Structure formats: structure tokens, C-alpha cells
$ cat work.txt   # compact mmCIF, C-alpha atoms
# COMPACT_ATOMS: atom_id res chain seq x y z
CA MET A 1 19.97 24.38 6.16
CA LYS A 2 18.08 24.14 9.42
CA ASN A 3 19.56 21.52 11.71
CA ASP A 4 16.66 20.08 13.70
CA ASN A 5 18.17 17.06 15.45
CA ASN A 6 14.98 16.53 17.46
CA LEU A 7 12.81 15.92 14.39
CA VAL A 8 11.12 12.52 14.63
CA GLN A 9 10.65 10.82 11.27
CA LYS A 10 7.10 9.73 12.07
CA ASP A 11 6.17 13.32 12.97
CA LEU A 12 7.38 14.47 9.56
CA LEU A 13 5.11 11.93 7.85
CA VAL A 14 2.18 13.08 10.01
CA GLU A 15 2.96 16.67 8.99
CA PHE A 16 2.88 15.72 5.29
CA PHE A 17 -0.45 13.90 5.52
CA LYS A 18 -2.07 16.63 7.63
CA LYS A 19 -1.09 19.15 4.92
CA ASN A 20 -2.70 16.84 2.31
CA PRO A 21 -5.98 15.61 3.81
CA ILE A 22 -8.75 13.75 1.97
CA ARG A 23 -6.56 12.94 -1.02
CA ASP A 24 -5.38 9.63 -2.43
CA ILE A 25 -1.61 9.94 -2.36
CA LYS A 26 0.73 7.60 -4.19
CA HIS A 27 3.66 6.20 -2.27
CA PRO A 28 6.44 7.91 -4.31
CA GLU A 29 5.02 11.39 -3.63
CA VAL A 30 5.12 10.79 0.12
CA VAL A 31 8.59 9.24 0.10
CA ASP A 32 10.11 11.95 -2.12
CA TRP A 33 8.76 14.73 0.11
CA VAL A 34 9.73 13.22 3.48
CA VAL A 35 13.20 12.17 2.33
CA ALA A 36 13.98 15.62 0.88
CA THR A 37 12.43 17.51 3.80
CA TYR A 38 14.14 15.36 6.43
CA ARG A 39 17.51 15.90 4.77
CA LYS A 40 16.89 19.66 4.47
CA ARG A 41 15.86 20.01 8.12
CA THR A 42 18.34 17.61 9.77
CA GLY A 43 21.12 17.00 7.27
CA LYS A 44 20.47 13.27 7.73
CA ILE A 45 18.99 10.51 5.60
CA PHE A 46 15.48 9.18 6.27
CA ARG A 47 16.38 5.47 6.25
CA ASP A 48 13.08 3.60 6.02
CA PRO A 49 10.07 5.75 5.10
CA ASP A 50 8.17 2.67 3.87
CA ARG A 51 8.14 1.12 7.31
CA ALA A 52 7.04 4.38 8.95
CA ILE A 53 4.17 4.81 6.45
CA ARG A 54 3.09 1.20 6.99
CA GLN A 55 3.08 1.73 10.78
CA LEU A 56 0.88 4.82 10.42
CA ALA A 57 -1.58 2.78 8.37
CA GLN A 58 -1.45 -0.12 10.83
CA SER A 59 -2.09 2.21 13.75
CA GLY A 60 -5.23 3.62 12.10
CA PHE A 61 -3.87 7.11 11.30
CA LEU A 62 -3.90 6.48 7.54
CA MET A 63 -6.19 4.52 5.26
CA LYS A 64 -4.56 2.23 2.75
CA VAL A 65 -6.69 2.86 -0.34
CA ALA A 66 -4.85 0.42 -2.61
CA LYS A 67 -1.35 -0.96 -2.97
CA GLY A 68 0.97 2.01 -2.58
CA ILE A 69 -1.84 4.57 -2.16
CA TYR A 70 -2.71 6.16 1.19
CA LYS A 71 -5.21 8.71 2.43
CA TYR A 72 -5.43 10.81 5.58
CA ASP A 73 -9.01 11.58 6.54
CA PRO A 74 -9.21 13.33 9.94
CA SER A 75 -12.81 12.18 10.41
CA LYS A 76 -11.81 8.53 10.04
CA VAL A 77 -8.65 8.41 12.15
CA HIS A 78 -9.00 5.68 14.72
CA ILE A 79 -5.69 5.17 16.51
CA ARG A 80 -5.30 1.71 17.90
CA GLU A 81 -2.45 0.34 19.93
CA LEU A 82 -0.70 -2.43 18.05
CA GLU A 83 0.57 -5.16 20.29
CA ASP A 84 4.00 -6.64 19.78
CA PHE A 85 5.17 -9.89 21.31
CA THR A 86 7.34 -9.61 24.40
CA ALA A 87 10.74 -11.32 24.44
CA ALA A 88 9.32 -14.01 26.75
CA GLN A 89 6.37 -14.65 24.41
CA LYS A 90 8.71 -14.89 21.42
CA GLU A 91 10.85 -17.46 23.19
CA THR A 92 7.78 -19.51 24.20
CA ILE A 93 6.51 -19.51 20.59
CA LEU A 94 9.93 -20.42 19.18
CA LYS A 95 10.24 -23.30 21.66
CA ARG A 96 6.70 -24.53 20.96
CA ASP A 97 7.38 -24.48 17.19
CA GLY A 98 10.70 -26.30 17.60
CA TYR A 99 12.73 -23.26 16.49
CA LYS A 100 11.55 -23.91 12.91
CA CYS A 101 9.33 -22.20 10.36
CA VAL A 102 5.86 -23.74 10.63
CA ILE A 103 5.51 -23.65 6.84
CA CYS A 104 8.81 -24.97 5.48
CA GLY A 105 10.43 -26.51 8.55
CA ARG A 106 13.71 -24.63 8.16
CA GLY A 107 15.34 -23.09 11.20
CA LYS A 108 18.49 -21.48 12.54
CA LYS A 109 20.50 -24.67 11.95
CA ASP A 110 19.68 -24.18 8.26
CA GLY A 111 20.99 -20.62 8.40
CA VAL A 112 17.62 -18.86 8.09
CA ASP A 113 16.34 -15.98 10.19
CA LEU A 114 13.21 -16.74 12.18
CA HIS A 115 10.43 -14.27 12.93
CA ILE A 116 7.49 -14.40 15.29
CA ASP A 117 4.39 -13.62 13.26
CA HIS A 118 0.84 -12.69 14.23
CA ILE A 119 -1.38 -15.41 12.71
CA LYS A 120 -4.26 -12.94 12.64
CA PRO A 121 -2.43 -9.75 11.57
CA LYS A 122 -2.26 -6.76 13.87
CA ASP A 123 -4.05 -4.72 11.17
CA PHE A 124 -7.09 -6.96 11.60
CA GLY A 125 -7.09 -6.83 15.38
CA GLY A 126 -4.71 -9.71 16.00
CA GLU A 127 -3.40 -9.69 19.55
CA ALA A 128 0.06 -10.48 20.83
CA THR A 129 -0.84 -13.78 22.48
CA ILE A 130 0.96 -17.13 22.41
CA GLU A 131 -2.03 -18.65 20.58
CA ASN A 132 -1.89 -15.96 17.87
CA GLY A 133 1.84 -16.36 17.34
CA GLN A 134 3.75 -18.59 14.96
CA THR A 135 7.34 -19.02 13.87
CA LEU A 136 8.08 -18.16 10.25
CA CYS A 137 11.33 -17.96 8.32
CA SER A 138 12.01 -14.52 6.83
CA GLN A 139 10.95 -15.72 3.37
CA HIS A 140 7.54 -16.98 4.48
CA ASN A 141 7.01 -14.00 6.78
CA PHE A 142 7.58 -11.72 3.79
CA ILE A 143 5.17 -13.74 1.63
CA LYS A 144 2.46 -13.61 4.31
CA LYS A 145 2.68 -9.86 5.00
CA ASN A 146 -0.78 -8.81 6.18
CA LEU A 147 -2.64 -11.67 4.56
CA ARG A 148 -4.92 -13.80 6.65
CA GLN A 149 -3.73 -17.40 7.04
CA THR A 150 -6.31 -18.69 4.58
CA GLU A 151 -5.20 -16.14 1.97
CA THR A 152 -1.56 -17.09 2.41
CA GLY A 153 -2.41 -20.78 2.14
CA LYS A 154 -4.51 -20.35 -0.98
CA LYS A 155 -1.80 -18.34 -2.73
CA MET A 156 0.81 -20.94 -1.81
CA PHE A 157 -1.36 -23.79 -3.15
CA ILE A 158 -1.95 -21.85 -6.38
CA ARG A 159 1.83 -21.45 -6.81
CA LEU A 160 2.37 -25.13 -6.01
CA TYR A 161 -0.38 -26.09 -8.49
CA GLU A 162 1.32 -24.03 -11.23
CA LEU A 163 4.67 -25.66 -10.44
CA ALA A 164 3.11 -29.14 -10.57
CA LYS A 165 1.56 -28.27 -13.95
CA SER A 166 4.91 -27.09 -15.33
CA GLU A 167 6.61 -30.28 -14.12
CA ASN A 168 3.75 -32.56 -15.29
CA ASN A 169 3.43 -33.87 -11.74
CA GLU A 170 -0.14 -35.17 -11.92
CA GLU A 171 -0.26 -36.44 -8.33
CA LEU A 172 0.77 -33.09 -6.84
CA LYS A 173 -1.47 -31.23 -9.30
CA LYS A 174 -4.49 -33.31 -8.21
CA PHE A 175 -3.68 -32.77 -4.52
CA CYS A 176 -3.45 -28.98 -4.97
CA ALA A 177 -6.64 -28.95 -7.07
CA ASP A 178 -8.47 -30.84 -4.27
CA VAL A 179 -7.33 -28.27 -1.70
CA LEU A 180 -8.20 -25.31 -3.94
CA GLU A 181 -11.62 -26.78 -4.73
CA THR A 182 -12.21 -27.02 -0.97
CA TYR A 183 -11.54 -23.27 -0.72
CA GLU A 184 -14.15 -22.72 -3.45
CA ARG A 185 -16.70 -25.12 -1.96
CA HIS A 186 -16.58 -23.23 1.34
CA ASN A 187 -16.45 -19.81 -0.38
CA ILE A 188 -13.16 -18.92 1.31
CA ASN A 189 -11.07 -16.14 -0.25
CA GLY A 190 -13.01 -16.00 -3.51
CA HIS A 191 -11.22 -12.73 -4.30
CA ILE A 192 -8.05 -14.77 -4.94
CA VAL A 193 -8.64 -16.25 -8.36
CA TRP A 194 -7.43 -19.73 -9.21
CA GLU A 195 -7.30 -20.57 -12.91
CA LYS A 196 -7.58 -24.31 -13.50
$ encode --input "work.txt" --output "C-alpha cells"
Amino acid sequence: MKNDNNLVQKDLLVEFFKKNPIRDIKHPEVVDWVVATYRKRTGKIFRDPDRAIRQLAQSGFLMKVAKGIYKYDPSKVHIRELEDFTAAQKETILKRDGYKCVICGRGKKDGVDLHIDHIKPKDFGGEATIENGQTLCSQHNFIKKNLRQTETGKKMFIRLYELAKSENNEELKKFCADVLETYERHNINGHIVWEK
């Protein structure tokens, strides 16, 4: 076993993709190779390959072909610097949002973790500015992922509509239908299908 303590996990992922260019690669193949290779070369465990793969895609090194499928195409690599919020920016955003999730209103006093989220995701060119930041609880930050705000909202209203239907709550059902029909009227996020 070679003991390469200087091996950077990200570099190992880059090595894998450079050895496999112009090919749609499913997530498990990447993870299995980097985890086994990292252990063989360092004797250590590769703790979070998913995050490292996601960061390579966000930075423009990889293309995300579909959910869990990535491709490295040297002719299409466009590395972009992804901006993170500074500690001062995070504090300003938290204070502005009242130290509460802007979606559900829960905060630290409720025992939830708070995150500072890019309203326009970094993947789509969202900058680390106070105006592009919002406070989300960990649950709503996870739900949003890299969705645009309008996509997140539409999905949440669809879920709320389904819940209202299951509870026979006609008032809430009508409210959600009105909002969802507004999405349709303005042709916003038509790729997210709402079944009435």
C-alpha cells in the first residue's frame, strides 16, 4: 500500500475524470473508484465524495448530464470562481432576516440550524451579495438545492395543494390552485408539472 498523505481528494476525482473523458459516467462508478483508490493510496477513508463531485460540477470542470450522471469534456471546461458569503455578510443576512428561515419562520430558538443560501444559485451565476442571500433552515435549504426560487416555490405549492386535497381543505386547495395557475399563466417553470 502506497502511503501518499499529500493526496488531495479533489485531485483524485480530477484524475478519474481525465482518464474517462467524453463519457456519461454514473455516480456510483465514480464514488466506488475514488473511495477504493484513495484508501489504497493513503490508507484513509474518502469521507464525502458526493460533495467533491458536486463542487467540480459547480465550478464548471464537469457537466451534470442528468441526476447522478456526469461528464468531463476538456473542450467544454469553463472554470468559474464560486463566491461564498463572508462571515460578515452571513451575519448581516441573518440579522436582516431576524435569525429565522424566510420560508417557515423557524430559527435557532426552535432548535433548527440556519444556513445562508444564494437566492440565485452559484451554479447559475449567483453572486455572494447581501441582496442575493437569504436565511433558510437546513430542511428548506436541502429542499431548494440548486433550484431557482420560482422552481422551489412551485414545488412547495404543489406539495401543499396535494396535502390540502388529502385533508379536504377546500380553502387551501383553492389558494394553491390560484398560485399554480398564475405560474401557468405567466409560463413560469412549465417543466414542473402540476396535475390538477
$ residues_around --input "work.txt" --residues "segment 114-118 of chain A" --least-positions-apart "2" --cutoff "8 Å" --atoms "all atoms listed in the file" --output "list of chain:residue names"
A:Phe85, A:Lys90, A:Ile93, A:Leu94, A:Tyr99, A:Lys100, A:Cys101, A:Gly107, A:Lys108, A:Val112, A:Lys120, A:Pro121, A:Lys122, A:Gly126, A:Glu127, A:Ala128, A:Asn132, A:Gly133, A:Gln134, A:Thr135, A:Leu136, A:Cys137, A:Ser138, A:Asn141
$ atom_distance --input "work.txt" --atom1 "atom CA of Tyr70 of chain A" --atom2 "atom CA of Lys26 of chain A"
6.5 Å
$ residues_around --input "work.txt" --residues "Ser75 of chain A" --least-positions-apart "5" --cutoff "12 Å" --atoms "all atoms listed in the file" --output "VMD selection string"
chain A and resid 18 21 to 22 60 to 63
$ atom_distance --input "work.txt" --atom1 "atom CA of Lys71 of chain A" --atom2 "atom CA of Phe17 of chain A"
7.7 Å
$ residues_around --input "work.txt" --residues "Pro49 of chain A" --least-positions-apart "2" --cutoff "9 Å" --atoms "only C-alpha atoms" --output "mmCIF file with C-alpha atoms, in the frame of the given file"
data_model
loop_
_atom_site.group_PDB
_atom_site.id
_atom_site.type_symbol
_atom_site.label_atom_id
_atom_site.label_comp_id
_atom_site.auth_asym_id
_atom_site.auth_seq_id
_atom_site.Cartn_x
_atom_site.Cartn_y
_atom_site.Cartn_z
ATOM 1 C CA GLN A 9 10.650 10.820 11.270
ATOM 2 C CA LYS A 10 7.100 9.730 12.070
ATOM 3 C CA LEU A 13 5.110 11.930 7.850
ATOM 4 C CA VAL A 30 5.120 10.790 0.120
ATOM 5 C CA VAL A 31 8.590 9.240 0.100
ATOM 6 C CA VAL A 34 9.730 13.220 3.480
ATOM 7 C CA VAL A 35 13.200 12.170 2.330
ATOM 8 C CA PHE A 46 15.480 9.180 6.270
ATOM 9 C CA ARG A 47 16.380 5.470 6.250
ATOM 10 C CA ARG A 51 8.140 1.120 7.310
ATOM 11 C CA ALA A 52 7.040 4.380 8.950
ATOM 12 C CA ILE A 53 4.170 4.810 6.450
ATOM 13 C CA ARG A 54 3.090 1.200 6.990
#
$ residues_around --input "work.txt" --residues "Val193 of chain A" --least-positions-apart "5" --cutoff "12 Å" --atoms "all atoms listed in the file" --output "PyMOL selection string"
chain A and resi 151+154-155+157-159+180-181+183-184+187-188
$ atom_distance --input "work.txt" --atom1 "atom CA of Gln55 of chain A" --atom2 "atom CA of His78 of chain A"
13.3 Å
$ closest_residue --input "work.txt" --among "A:Leu7, A:Asp84, A:Arg39, A:Asp178" --to "Gly125 of chain A" --atoms "all atoms listed in the file"
A:Asp84
$ axis_aligned_box --input "work.txt" --around "segment 160-166 of chain A" --padding-each-side "5 Å" --output "lines of an AutoDock Vina configuration file"
center_x = 2.3
center_y = -26.6
center_z = -10.7
size_x = 15.3
size_y = 15.1
size_z = 19.3
$ closest_residue --input "work.txt" --among "A:Thr42, A:Thr129, A:Asn20, A:Asn169" --to "Val8 of chain A" --atoms "only C-alpha atoms"
A:Thr42
$ residues_near_point --input "work.txt" --point "(-2.7, -32.2, -5.5)" --cutoff "12 Å" --atoms "all atoms listed in the file" --output "compact mmCIF listing (two decimals) with C-alpha atoms, in the frame of the given file"
# COMPACT_ATOMS: atom_id res chain seq x y z
CA PHE A 157 -1.36 -23.79 -3.15
CA ILE A 158 -1.95 -21.85 -6.38
CA ARG A 159 1.83 -21.45 -6.81
CA LEU A 160 2.37 -25.13 -6.01
CA TYR A 161 -0.38 -26.09 -8.49
CA GLU A 162 1.32 -24.03 -11.23
CA LEU A 163 4.67 -25.66 -10.44
CA ALA A 164 3.11 -29.14 -10.57
CA LYS A 165 1.56 -28.27 -13.95
CA ASN A 168 3.75 -32.56 -15.29
CA ASN A 169 3.43 -33.87 -11.74
CA GLU A 170 -0.14 -35.17 -11.92
CA GLU A 171 -0.26 -36.44 -8.33
CA LEU A 172 0.77 -33.09 -6.84
CA LYS A 173 -1.47 -31.23 -9.30
CA LYS A 174 -4.49 -33.31 -8.21
CA PHE A 175 -3.68 -32.77 -4.52
CA CYS A 176 -3.45 -28.98 -4.97
CA ALA A 177 -6.64 -28.95 -7.07
CA ASP A 178 -8.47 -30.84 -4.27
CA VAL A 179 -7.33 -28.27 -1.70
CA LEU A 180 -8.20 -25.31 -3.94
CA GLU A 181 -11.62 -26.78 -4.73
CA THR A 182 -12.21 -27.02 -0.97
